[in-house]
file upload-v1.txt (compact mmCIF, C-alpha atoms and all ligand atoms)
# COMPACT_ATOMS: atom_id res chain seq x y z
CA MET D 320 -19.11 2.87 -3.32
CA LEU D 321 -21.88 0.39 -4.21
CA PHE D 322 -19.80 -1.14 -7.00
CA ARG D 323 -16.82 -1.47 -4.67
CA THR D 324 -18.91 -3.15 -1.97
CA LEU D 325 -20.39 -5.58 -4.49
CA ILE D 326 -17.00 -6.56 -5.92
CA LEU D 327 -15.35 -6.95 -2.53
CA LYS D 328 -18.21 -9.16 -1.34
CA THR D 329 -18.20 -11.25 -4.54
CA ALA D 330 -14.42 -11.63 -4.47
CA GLY D 331 -14.69 -12.90 -0.88
CA SER D 332 -16.60 -15.97 -2.06
CA LYS D 333 -14.50 -19.14 -2.10
CA ALA D 334 -15.95 -20.19 -5.47
CA VAL D 335 -14.94 -16.93 -7.14
CA GLN D 336 -11.49 -17.13 -5.58
CA LYS D 337 -11.06 -20.67 -6.90
CA LEU D 338 -12.15 -19.61 -10.36
CA VAL D 339 -9.80 -16.63 -10.57
CA THR D 340 -6.73 -18.25 -8.97
CA GLY D 341 -7.22 -21.52 -10.86
CA SER D 342 -7.46 -20.05 -14.34
CA LYS D 343 -4.54 -18.90 -16.48
CA LEU D 344 -6.91 -16.54 -18.32
CA PHE D 345 -6.55 -13.90 -15.61
CA ARG D 346 -2.77 -13.99 -15.39
CA PRO D 347 -2.17 -11.03 -17.73
CA LEU D 348 -4.44 -8.85 -15.59
CA VAL D 349 -2.88 -10.15 -12.36
CA ARG D 350 0.58 -9.37 -13.74
CA ARG D 351 -0.46 -5.80 -14.35
CA PHE D 352 -0.84 -5.29 -10.60
CA VAL D 353 1.55 -7.88 -9.15
CA ALA D 354 5.25 -7.85 -10.09
CA GLY D 355 5.65 -11.64 -9.89
CA GLU D 356 5.65 -14.50 -7.45
CA THR D 357 9.31 -14.31 -6.33
CA LEU D 358 11.59 -11.84 -4.56
CA ASP D 359 13.87 -11.92 -7.62
CA GLU D 360 11.03 -10.66 -9.80
CA ALA D 361 10.14 -7.95 -7.29
CA MET D 362 13.76 -6.78 -7.05
CA ASP D 363 13.99 -6.71 -10.85
CA ALA D 364 10.90 -4.51 -10.95
CA ALA D 365 12.26 -2.21 -8.21
CA GLU D 366 15.63 -1.87 -9.92
CA THR D 367 14.01 -1.15 -13.27
CA GLN D 368 11.98 1.60 -11.61
CA ALA D 369 15.12 2.89 -9.89
CA ASP D 370 16.89 3.12 -13.25
CA GLN D 371 14.17 5.63 -14.15
CA GLY D 372 14.64 7.51 -10.87
CA LEU D 373 11.53 6.06 -9.24
CA MET D 374 11.67 4.79 -5.66
CA SER D 375 9.95 1.58 -4.56
CA THR D 376 8.53 -0.14 -1.54
CA LEU D 377 8.31 -3.93 -1.67
CA ASP D 378 5.20 -5.71 -0.41
CA LEU D 379 5.42 -9.46 0.08
CA LEU D 380 1.77 -10.43 -0.33
CA GLY D 381 0.19 -12.49 2.40
CA GLU D 382 -1.71 -11.36 5.48
CA ASN D 383 -3.38 -12.96 8.50
CA VAL D 384 -1.24 -16.00 9.25
CA SER D 385 -2.97 -18.74 11.29
CA THR D 386 -0.23 -19.84 13.69
CA LEU D 387 2.81 -18.42 15.46
CA GLU D 388 5.01 -20.78 13.41
CA GLU D 389 3.69 -19.07 10.28
CA ALA D 390 4.33 -15.68 11.88
CA ASN D 391 7.91 -16.74 12.40
CA LEU D 392 8.16 -17.68 8.74
CA GLY D 393 6.65 -14.27 7.94
CA LEU D 394 9.40 -12.59 9.95
CA GLU D 395 12.09 -14.62 8.19
CA ALA D 396 10.62 -13.73 4.81
CA TYR D 397 10.60 -10.00 5.64
CA ILE D 398 14.20 -10.21 6.89
CA GLU D 399 15.16 -11.84 3.61
CA VAL D 400 13.60 -8.90 1.75
CA VAL D 401 15.51 -6.37 3.87
CA GLU D 402 18.78 -8.19 3.28
CA ARG D 403 18.18 -8.33 -0.47
CA ILE D 404 17.41 -4.61 -0.57
CA ALA D 405 20.66 -3.99 1.32
CA GLN D 406 22.57 -5.68 -1.50
CA SER D 407 20.93 -3.67 -4.26
CA ARG D 408 22.87 -1.07 -6.21
CA HIS D 409 19.80 1.12 -5.66
CA LYS D 410 19.51 0.39 -1.94
CA GLU D 411 18.73 3.98 -1.00
CA LEU D 412 15.69 4.05 -3.31
CA ILE D 413 14.01 0.89 -2.02
CA ASN D 414 12.25 0.10 1.26
CA ILE D 415 9.69 -2.40 2.57
CA SER D 416 5.99 -2.35 3.46
CA ILE D 417 4.78 -5.00 5.87
CA LYS D 418 1.61 -6.28 7.53
CA LEU D 419 1.43 -6.87 11.29
CA THR D 420 -1.00 -9.76 10.75
CA ALA D 421 1.80 -11.54 8.88
CA LEU D 422 3.89 -11.22 12.06
CA GLY D 423 1.30 -12.80 14.35
CA LEU D 424 -0.98 -9.91 15.37
CA ASP D 425 -4.05 -12.18 15.35
CA GLN D 426 -2.35 -14.77 17.54
CA ASP D 427 -0.42 -12.75 20.13
CA THR D 428 0.18 -8.99 20.18
CA ALA D 429 3.32 -9.33 22.30
CA ILE D 430 4.89 -11.79 19.87
CA ALA D 431 3.91 -9.64 16.89
CA GLU D 432 5.64 -6.73 18.65
CA GLN D 433 8.74 -8.81 19.29
CA ASN D 434 8.79 -9.86 15.62
CA LEU D 435 8.40 -6.24 14.53
CA ARG D 436 11.26 -5.16 16.80
CA THR D 437 13.50 -7.89 15.38
CA LEU D 438 12.69 -6.81 11.84
CA LEU D 439 13.23 -3.13 12.64
CA SER D 440 16.64 -3.86 14.18
CA ARG D 441 17.71 -5.76 11.07
CA ALA D 442 16.38 -3.03 8.78
CA GLU D 443 18.12 -0.29 10.78
CA GLN D 444 21.48 -2.05 10.44
CA ASN D 445 21.07 -1.34 6.71
CA ASN D 446 19.36 2.05 7.10
CA ILE D 447 16.15 0.71 5.53
CA PHE D 448 12.79 2.26 6.42
CA VAL D 449 9.89 -0.07 7.30
CA ARG D 450 6.30 0.98 6.57
CA VAL D 451 3.61 -0.83 8.51
CA ASP D 452 0.63 -0.99 6.13
CA MET D 453 -2.78 -0.30 7.65
CA GLU D 454 -5.14 -3.25 7.47
CA ALA D 455 -8.89 -3.46 8.16
CA SER D 456 -10.45 -1.50 11.03
CA ASP D 457 -10.06 -4.32 13.58
CA TYR D 458 -6.34 -3.57 13.46
CA THR D 459 -6.28 0.24 13.42
CA GLU D 460 -5.88 0.77 17.16
CA LEU D 461 -3.48 -2.16 17.49
CA THR D 462 -1.31 -0.74 14.72
CA VAL D 463 -1.19 2.85 15.97
CA ALA D 464 -0.50 1.63 19.51
CA MET D 465 2.23 -0.69 18.21
CA ILE D 466 4.04 2.23 16.56
CA GLU D 467 3.76 4.19 19.82
CA ARG D 468 5.27 1.30 21.77
CA VAL D 469 8.26 0.68 19.52
CA TRP D 470 8.97 4.36 18.82
CA ASP D 471 11.37 4.98 21.71
CA ASP D 472 13.69 2.29 20.36
CA HIS D 473 13.06 2.53 16.61
CA LYS D 474 12.72 5.58 14.40
CA LEU D 475 12.93 4.05 10.91
CA VAL D 476 9.29 3.00 11.06
CA GLY D 477 6.02 4.58 10.05
CA THR D 478 2.47 3.62 9.20
CA VAL D 479 -0.60 4.55 7.18
CA MET D 480 -3.68 6.73 7.74
CA GLN D 481 -6.95 5.90 5.91
CA SER D 482 -9.15 8.92 5.17
CA MET D 483 -12.30 6.77 5.14
CA MET D 484 -11.82 6.09 8.86
CA LYS D 485 -13.72 8.40 11.17
CA ARG D 486 -10.89 8.20 13.70
CA MET D 487 -8.18 9.37 11.28
CA ASP D 488 -7.69 12.86 12.74
CA SER D 489 -7.05 11.59 16.24
CA ASP D 490 -4.63 8.95 14.92
CA ILE D 491 -2.80 11.65 12.96
CA ASN D 492 -2.53 13.67 16.19
CA ARG D 493 -1.03 10.71 18.04
CA LEU D 494 1.61 10.04 15.41
CA LEU D 495 2.40 13.72 14.81
CA LYS D 496 3.26 13.87 18.50
CA LEU D 497 5.89 11.20 17.93
CA GLY D 498 7.14 12.58 14.64
CA ALA D 499 6.53 9.22 12.91
CA ARG D 500 6.20 9.16 9.15
CA MET D 501 2.71 8.66 7.78
CA ARG D 502 1.39 7.60 4.39
CA ILE D 503 -2.13 8.81 3.67
CA VAL D 504 -4.54 6.65 1.60
CA LYS D 505 -8.32 6.51 1.19
CA GLY D 506 -8.59 2.95 2.57
CA ALA D 507 -8.96 -0.31 0.67
CA TYR D 508 -11.14 -2.41 2.99
CA LEU D 509 -14.88 -2.82 3.21
CA GLU D 510 -15.91 -0.98 6.40
CA GLY D 511 -19.28 -0.27 7.97
CA PRO D 512 -20.79 3.12 8.86
CA GLU D 513 -19.90 2.71 12.56
CA VAL D 514 -16.22 3.23 11.78
CA ALA D 515 -15.98 4.57 8.24
CA ILE D 516 -17.32 7.44 6.13
CA GLN D 517 -19.58 5.95 3.44
CA ASP D 518 -19.83 8.93 1.09
CA LYS D 519 -17.02 9.06 -1.52
CA ALA D 520 -16.93 12.86 -1.73
CA GLU D 521 -16.50 13.04 2.05
CA VAL D 522 -13.70 10.45 1.98
CA ASP D 523 -11.98 12.54 -0.72
CA GLN D 524 -12.37 15.75 1.31
CA ALA D 525 -11.01 14.04 4.44
CA TYR D 526 -8.08 12.86 2.32
CA ILE D 527 -7.30 16.39 1.12
CA ASP D 528 -7.56 17.83 4.64
CA GLY D 529 -5.38 15.04 6.05
CA ALA D 530 -2.78 15.39 3.30
CA LYS D 531 -2.53 19.14 3.88
CA ARG D 532 -2.00 18.59 7.60
CA LEU D 533 0.71 16.02 7.01
CA LEU D 534 2.44 18.27 4.50
CA LYS D 535 2.46 21.19 6.95
CA GLU D 536 3.07 19.38 10.22
CA GLY D 537 4.30 15.88 9.46
CA THR D 538 7.65 14.19 8.92
CA TYR D 539 8.34 13.33 5.27
CA PRO D 540 4.72 12.27 4.54
CA ALA D 541 3.69 10.02 1.66
CA ILE D 542 0.72 11.15 -0.41
CA ALA D 543 -0.56 7.86 -1.86
CA THR D 544 -3.28 8.14 -4.49
CA HIS D 545 -4.03 7.80 -8.20
CA ASP D 546 -6.81 10.34 -8.00
CA GLN D 547 -5.89 13.03 -10.50
CA ALA D 548 -8.17 15.67 -8.97
CA ILE D 549 -6.58 15.11 -5.56
CA VAL D 550 -3.08 15.18 -7.05
CA GLU D 551 -3.92 18.55 -8.62
CA THR D 552 -5.44 20.00 -5.43
CA VAL D 553 -2.51 18.85 -3.29
CA SER D 554 0.03 20.08 -5.87
CA LYS D 555 -1.59 23.51 -5.81
CA PHE D 556 -1.38 23.56 -2.01
CA VAL D 557 2.29 22.55 -2.14
CA LYS D 558 3.07 25.46 -4.48
CA GLU D 559 1.02 28.01 -2.51
CA GLN D 560 2.66 27.02 0.75
CA ASN D 561 6.17 26.85 -0.74
CA ILE D 562 6.58 23.28 0.47
CA GLU D 563 9.85 21.82 -0.80
CA PRO D 564 9.30 18.74 -3.04
CA ALA D 565 12.16 17.02 -1.19
CA THR D 566 10.15 17.04 2.05
CA PHE D 567 7.49 14.54 0.94
CA GLU D 568 6.82 11.82 -1.60
CA TRP D 569 4.00 10.72 -3.87
CA GLN D 570 3.20 7.04 -3.84
CA MET D 571 1.28 4.92 -6.33
CA LEU D 572 0.66 1.24 -6.83
CA TYR D 573 2.61 -0.81 -9.33
CA GLY D 574 0.84 -0.83 -12.69
CA ILE D 575 -1.60 1.99 -11.96
CA ARG D 576 -1.42 5.43 -13.60
CA ARG D 577 2.12 5.03 -14.91
CA ASP D 578 1.56 8.25 -16.86
CA LEU D 579 0.91 10.18 -13.65
CA GLN D 580 3.90 8.55 -11.93
CA ALA D 581 6.19 9.64 -14.78
CA SER D 582 4.76 13.14 -14.98
CA LEU D 583 5.22 13.81 -11.23
CA LYS D 584 8.77 12.50 -11.45
CA GLN D 585 9.44 14.77 -14.42
CA GLN D 586 8.23 17.74 -12.42
CA GLY D 587 10.99 17.02 -9.90
CA HIS D 588 8.97 15.18 -7.26
CA ASN D 589 9.87 12.10 -5.26
CA VAL D 590 7.71 9.22 -6.48
CA ARG D 591 7.62 5.79 -4.87
CA ILE D 592 5.98 2.74 -6.42
CA TYR D 593 4.41 0.14 -4.16
CA ILE D 594 5.49 -3.22 -5.60
CA PRO D 595 3.44 -6.23 -4.47
CA TYR D 596 4.66 -9.73 -5.21
CA GLY D 597 4.25 -13.30 -4.00
CA SER D 598 2.02 -16.29 -4.48
CA GLN D 599 -0.77 -15.01 -2.21
CA TRP D 600 -1.91 -12.28 -4.57
CA TYR D 601 -5.68 -12.87 -4.53
CA PRO D 602 -6.86 -10.52 -1.69
CA TYR D 603 -4.67 -7.69 -3.01
CA PHE D 604 -5.85 -8.31 -6.58
CA SER D 605 -9.53 -8.26 -5.60
CA ARG D 606 -9.10 -4.93 -3.80
CA ARG D 607 -7.60 -3.46 -6.98
CA LEU D 608 -10.48 -4.82 -9.08
CA ALA D 609 -13.00 -3.20 -6.77
CA GLU D 610 -11.44 0.19 -7.45
CA ARG D 611 -12.08 0.22 -11.17
CA PRO D 612 -15.13 -1.12 -13.04
CA ALA D 613 -13.15 -1.55 -16.30
CA ASN D 614 -11.02 -4.24 -14.67
CA VAL D 615 -14.06 -6.25 -13.63
CA PHE D 616 -15.75 -5.88 -17.02
CA PHE D 617 -12.54 -7.25 -18.51
CA ILE D 618 -12.82 -10.35 -16.30
CA ILE D 619 -16.46 -10.90 -17.22
CA LYS D 620 -15.69 -10.47 -20.92
CA THR D 621 -12.78 -12.89 -20.63
CA LEU D 622 -14.95 -15.48 -18.94
CA PHE D 623 -17.68 -15.35 -21.50
CA LYS D 624 -15.94 -14.35 -24.67
CA ASP D 625 -12.59 -13.62 -26.07
CA ARG D 626 -9.92 -15.33 -23.97
CA GLY D 627 -8.15 -12.19 -22.76
CA LYS D 628 -6.46 -10.85 -25.84
CA SER D 629 -6.69 -7.19 -24.87
CA LEU D 630 -6.31 -5.63 -21.43
CA PRO D 631 -8.32 -2.62 -20.31
CA PRO D 632 -6.34 0.61 -20.42
CA ALA D 633 -4.04 0.82 -17.37
CA LYS D 634 -4.85 4.53 -16.89
C1 LIG N 1 1.29 3.34 -2.29
C2 LIG N 1 -0.04 2.92 -1.76
C3 LIG N 1 -0.10 2.23 -0.56
C4 LIG N 1 -1.34 1.85 -0.05
N1 LIG N 1 -1.39 1.28 1.20
C5 LIG N 1 -2.59 1.03 1.76
C6 LIG N 1 -2.71 0.58 3.11
O1 LIG N 1 -1.72 0.41 3.82
N2 LIG N 1 -3.95 0.34 3.58
C7 LIG N 1 -5.09 0.54 2.84
O2 LIG N 1 -6.20 0.34 3.33
N3 LIG N 1 -5.00 0.95 1.56
C8 LIG N 1 -3.79 1.20 1.00
N4 LIG N 1 -3.73 1.65 -0.29
C9 LIG N 1 -4.94 1.61 -1.16
C10 LIG N 1 -5.79 2.83 -1.00
O3 LIG N 1 -6.43 2.84 0.25
C11 LIG N 1 -6.84 2.90 -2.11
O4 LIG N 1 -7.65 1.76 -2.03
C12 LIG N 1 -6.27 2.98 -3.52
O5 LIG N 1 -5.13 3.79 -3.54
C13 LIG N 1 -7.31 3.59 -4.48
O6 LIG N 1 -7.63 4.88 -4.08
P1 LIG N 1 -7.22 6.19 -4.90
O7 LIG N 1 -6.69 7.18 -3.93
O8 LIG N 1 -6.31 5.85 -6.01
O9 LIG N 1 -8.60 6.78 -5.38
P2 LIG N 1 -9.86 6.15 -6.16
O10 LIG N 1 -10.94 7.14 -5.94
O11 LIG N 1 -10.07 4.73 -5.80
O12 LIG N 1 -9.38 6.20 -7.66
C14 LIG N 1 -9.09 7.41 -8.33
C15 LIG N 1 -8.68 7.09 -9.76
O13 LIG N 1 -7.46 6.35 -9.74
C16 LIG N 1 -7.46 5.37 -10.76
N5 LIG N 1 -7.41 4.03 -10.13
C17 LIG N 1 -7.57 3.76 -8.81
N6 LIG N 1 -7.47 2.43 -8.59
C18 LIG N 1 -7.27 1.85 -9.79
C19 LIG N 1 -7.10 0.52 -10.22
N7 LIG N 1 -7.13 -0.50 -9.35
N8 LIG N 1 -6.91 0.29 -11.55
C20 LIG N 1 -6.86 1.31 -12.41
N9 LIG N 1 -7.04 2.60 -12.07
C21 LIG N 1 -7.23 2.88 -10.78
C22 LIG N 1 -8.71 5.57 -11.55
O14 LIG N 1 -8.42 6.50 -12.55
C23 LIG N 1 -9.64 6.19 -10.53
O15 LIG N 1 -10.67 6.93 -11.09
C24 LIG N 1 -2.51 2.09 -0.80
C25 LIG N 1 -2.45 2.78 -2.00
C26 LIG N 1 -1.24 3.22 -2.48
C27 LIG N 1 -1.22 4.01 -3.74
call {"tool": "encode", "arguments": {"input": "upload-v1.txt", "output": "structure tokens", "more": "lines below"}}
Ligand SMILES: Cc1cc2nc3c(=O)[nH]c(=O)nc-3n(C[C@H](O)[C@H](O)[C@H](O)COP(=O)(O)OP(=O)(O)OC[C@H]3O[C@@H](n4cnc5c(N)ncnc54)[C@H](O)[C@@H]3O)c2cc1C
result
Amino acid sequence: MLFRTLILKTAGSKAVQKLVTGSKLFRPLVRRFVAGETLDEAMDAAETQADQGLMSTLDLLGENVSTLEEANLGLEAYIEVVERIAQSRHKELINISIKLTALGLDQDTAIAEQNLRTLLSRAEQNNIFVRVDMEASDYTELTVAMIERVWDDHKLVGTVMQSMMKRMDSDINRLLKLGARMRIVKGAYLEGPEVAIQDKAEVDQAYIDGAKRLLKEGTYPAIATHDQAIVETVSKFVKEQNIEPATFEWQMLYGIRRDLQASLKQQGHNVRIYIPYGSQWYPYFSRRLAERPANVFFIIKTLFKDRGKSLPPAK
């Protein structure tokens, strides 16, 4: 946890951001986690995964717009993604993950809701599911409440539960009541002890408990993790409880634990890869660095020594 805090704080500095985004040295590492800068590149990645039977969700990087005009551009960009997915030969294997702050949540909740409704209507015309990613804790209540508000009119929408958040159980209760789909993750943002569990073992245990609940009581949940021990514990639970593999999916991030992705697929499970792309990759990239010391050591080594010839193992 200490390492993660340190990296997230360091990455937040403007000087570090300038260094990493301005240098070509880091591009190979960035490309491990980010499929490219354009929608074409993201669709290529999704279709390549689909050829191997893997599902995808596309994430156009970029969060927290500053004006309602930008939120409108955000909506247009998401609609473009939905329409491209609709044209894919693998349409049924690909969906979209979005951020409410890209639709104007910081500026005006009502406009963000209107933008979400517009996007959901367009996605529904093509039978495409929309996942609302969960952002930092300032947005948790706004996001859960937003799903509750649109639910009567839109069912092809779901969101994300973060096991680090102390409020997770009550949020799961609220969305179970609706029958909305939930993805469970540990949580990628730096959060204080007022709202979040600080002990890693406790976050992991909350994850396992939450995942079991979703598997028993939820609607087509997504179990999103690269944590092998958790994958094993949850798999054991699935077998013991005779839960059909078709009733849920595993999710992992693009470029992380490809071996585990392939092995779950081989065992007959649904596996979806979260494919981030776009020019605004820095915040996403720094969150991934904070999750694995080897990636940061690679950066330091590159800066001081051998110009990035070898990448750390992708695991
Ligand atoms: C599909 C998907 C969607 C997500 N959506 C959200 C969201 O909406 N909101 C949110 O807050 N968070 C989201 N996350 C991120 C999540 O909260 C975690 O930050 C991230 O998944 C790392 O946690 P972990 O479960 O893999 O476990 P960790 O305990 O972080 O890692 C377990 C093991 O996984 C491997 N691993 C993990 N990360 C990396 C990495 N970057 N590089 C290499 N190996 C790694 C390592 O072997 C590590 O030991 C999402 C994650 C996934 C997989």
call {"tool": "residues_near_ligand", "arguments": {"input": "upload-v1.txt", "ligand": "ligand LIG 1 (chain N)", "cutoff": "6 Å", "atoms": "all atoms listed in the file", "output": "PyMOL selection string"}}
result
chain D and resi 452-454+479+504-508+543-546+570-572+575+593+607-608+610-611+633-634
call {"tool": "atom_distance", "arguments": {"input": "upload-v1.txt", "atom1": "CA of Gln599 (chain D)", "atom2": "CA of Val400 (chain D)"}}
result
16.1 Å
call {"tool": "residues_near_point", "arguments": {"input": "upload-v1.txt", "point": "(-12.7, 10.5, 8.2)", "cutoff": "6 Å", "atoms": "all atoms listed in the file", "output": "mmCIF file with C-alpha atoms, keeping the file's coordinate frame"}}
result
data_model
loop_
_atom_site.group_PDB
_atom_site.id
_atom_site.type_symbol
_atom_site.label_atom_id
_atom_site.label_comp_id
_atom_site.auth_asym_id
_atom_site.auth_seq_id
_atom_site.Cartn_x
_atom_site.Cartn_y
_atom_site.Cartn_z
ATOM 1 C CA SER D 482 -9.150 8.920 5.170
ATOM 2 C CA MET D 483 -12.300 6.770 5.140
ATOM 3 C CA MET D 484 -11.820 6.090 8.860
ATOM 4 C CA LYS D 485 -13.720 8.400 11.170
ATOM 5 C CA MET D 487 -8.180 9.370 11.280
ATOM 6 C CA ILE D 516 -17.320 7.440 6.130
ATOM 7 C CA ALA D 525 -11.010 14.040 4.440
#
call {"tool": "residues_around", "arguments": {"input": "upload-v1.txt", "residues": "Ala499 (chain D)", "least_positions_apart": "4", "cutoff": "8 Å", "atoms": "all atoms listed in the file", "output": "tab-separated table (two decimals) with C-alpha atoms, in the coordinates of the input"}}
result
chain	number	residue	atom	x	y	z
D	474	LYS	CA	12.72	5.58	14.40
D	476	VAL	CA	9.29	3.00	11.06
D	477	GLY	CA	6.02	4.58	10.05
D	478	THR	CA	2.47	3.62	9.20
D	494	LEU	CA	1.61	10.04	15.41
D	495	LEU	CA	2.40	13.72	14.81
D	537	GLY	CA	4.30	15.88	9.46
D	538	THR	CA	7.65	14.19	8.92
call {"tool": "atom_distance", "arguments": {"input": "upload-v1.txt", "atom1": "CA of Ala421 (chain D)", "atom2": "CA of His409 (chain D)"}}
result
26.4 Å
call {"tool": "residues_around", "arguments": {"input": "upload-v1.txt", "residues": "Ser456 (chain D)", "least_positions_apart": "6", "cutoff": "10 Å", "atoms": "only C-alpha atoms", "output": "list in words"}}
result
Thr462, Gln481, Met484, Gly506, Tyr508, Leu509, Glu510, Gly511, Val514 and Ala515 of chain D
call {"tool": "closest_residue", "arguments": {"input": "upload-v1.txt", "among": "D:Asn446, D:Gln426, D:Arg436, D:Thr367", "to": "Val401 (chain D)", "atoms": "all atoms listed in the file"}}
result
D:Asn446
call {"tool": "residues_around", "arguments": {"input": "upload-v1.txt", "residues": "Thr340 (chain D)", "least_positions_apart": "4", "cutoff": "9 Å", "atoms": "only C-alpha atoms", "output": "list in words"}}
result
Val335, Gln336, Phe345, Arg346, Trp600 and Tyr601 of chain D
call {"tool": "closest_residue", "arguments": {"input": "upload-v1.txt", "among": "D:Phe556, D:Phe352, D:Phe448, D:Tyr458", "to": "Asn383 (chain D)", "atoms": "only C-alpha atoms"}}
result
D:Tyr458
call {"tool": "atom_distance", "arguments": {"input": "upload-v1.txt", "atom1": "CA of Pro602 (chain D)", "atom2": "CA of Asn414 (chain D)"}}
result
22.1 Å
call {"tool": "closest_residue", "arguments": {"input": "upload-v1.txt", "among": "D:Ala405, D:Ala431, D:Val469, D:Leu358", "to": "Tyr596 (chain D)", "atoms": "only C-alpha atoms"}}
result
D:Leu358
call {"tool": "residues_around", "arguments": {"input": "upload-v1.txt", "residues": "Arg468 (chain D)", "least_positions_apart": "2", "cutoff": "12 Å", "atoms": "all atoms listed in the file", "output": "VMD selection string"}}
result
chain D and resid 428 to 429 432 to 433 435 to 436 461 to 466 470 to 474 476 493 to 494 497 499
call {"tool": "residues_around", "arguments": {"input": "upload-v1.txt", "residues": "Val590 (chain D)", "least_positions_apart": "6", "cutoff": "10 Å", "atoms": "all atoms listed in the file", "output": "PDB file with C-alpha atoms, keeping the file's coordinate frame"}}
result
ATOM      1  CA  GLY D 372      14.640   7.510 -10.870  1.00  0.00           C
ATOM      2  CA  LEU D 373      11.530   6.060  -9.240  1.00  0.00           C
ATOM      3  CA  MET D 374      11.670   4.790  -5.660  1.00  0.00           C
ATOM      4  CA  SER D 375       9.950   1.580  -4.560  1.00  0.00           C
ATOM      5  CA  ALA D 541       3.690  10.020   1.660  1.00  0.00           C
ATOM      6  CA  ILE D 542       0.720  11.150  -0.410  1.00  0.00           C
ATOM      7  CA  ALA D 543      -0.560   7.860  -1.860  1.00  0.00           C
ATOM      8  CA  PHE D 567       7.490  14.540   0.940  1.00  0.00           C
ATOM      9  CA  GLU D 568       6.820  11.820  -1.600  1.00  0.00           C
ATOM     10  CA  TRP D 569       4.000  10.720  -3.870  1.00  0.00           C
ATOM     11  CA  GLN D 570       3.200   7.040  -3.840  1.00  0.00           C
ATOM     12  CA  MET D 571       1.280   4.920  -6.330  1.00  0.00           C
ATOM     13  CA  LEU D 579       0.910  10.180 -13.650  1.00  0.00           C
ATOM     14  CA  GLN D 580       3.900   8.550 -11.930  1.00  0.00           C
ATOM     15  CA  ALA D 581       6.190   9.640 -14.780  1.00  0.00           C
ATOM     16  CA  SER D 582       4.760  13.140 -14.980  1.00  0.00           C
ATOM     17  CA  LEU D 583       5.220  13.810 -11.230  1.00  0.00           C
ATOM     18  CA  LYS D 584       8.770  12.500 -11.450  1.00  0.00           C
TER      19      LYS D 584
END
call {"tool": "closest_residue", "arguments": {"input": "upload-v1.txt", "among": "D:Met501, D:Ala548, D:Ile592, D:Leu377", "to": "Gln524 (chain D)", "atoms": "only C-alpha atoms"}}
result
D:Ala548
call {"tool": "closest_residue", "arguments": {"input": "upload-v1.txt", "among": "D:Ala354, D:Ala565, D:Ile527, D:Ile398", "to": "Gly587 (chain D)", "atoms": "all atoms listed in the file"}}
result
D:Ala565
call {"tool": "closest_residue", "arguments": {"input": "upload-v1.txt", "among": "D:Ile594, D:Val550, D:Gly331, D:Gly423", "to": "Gly355 (chain D)", "atoms": "all atoms listed in the file"}}
result
D:Ile594
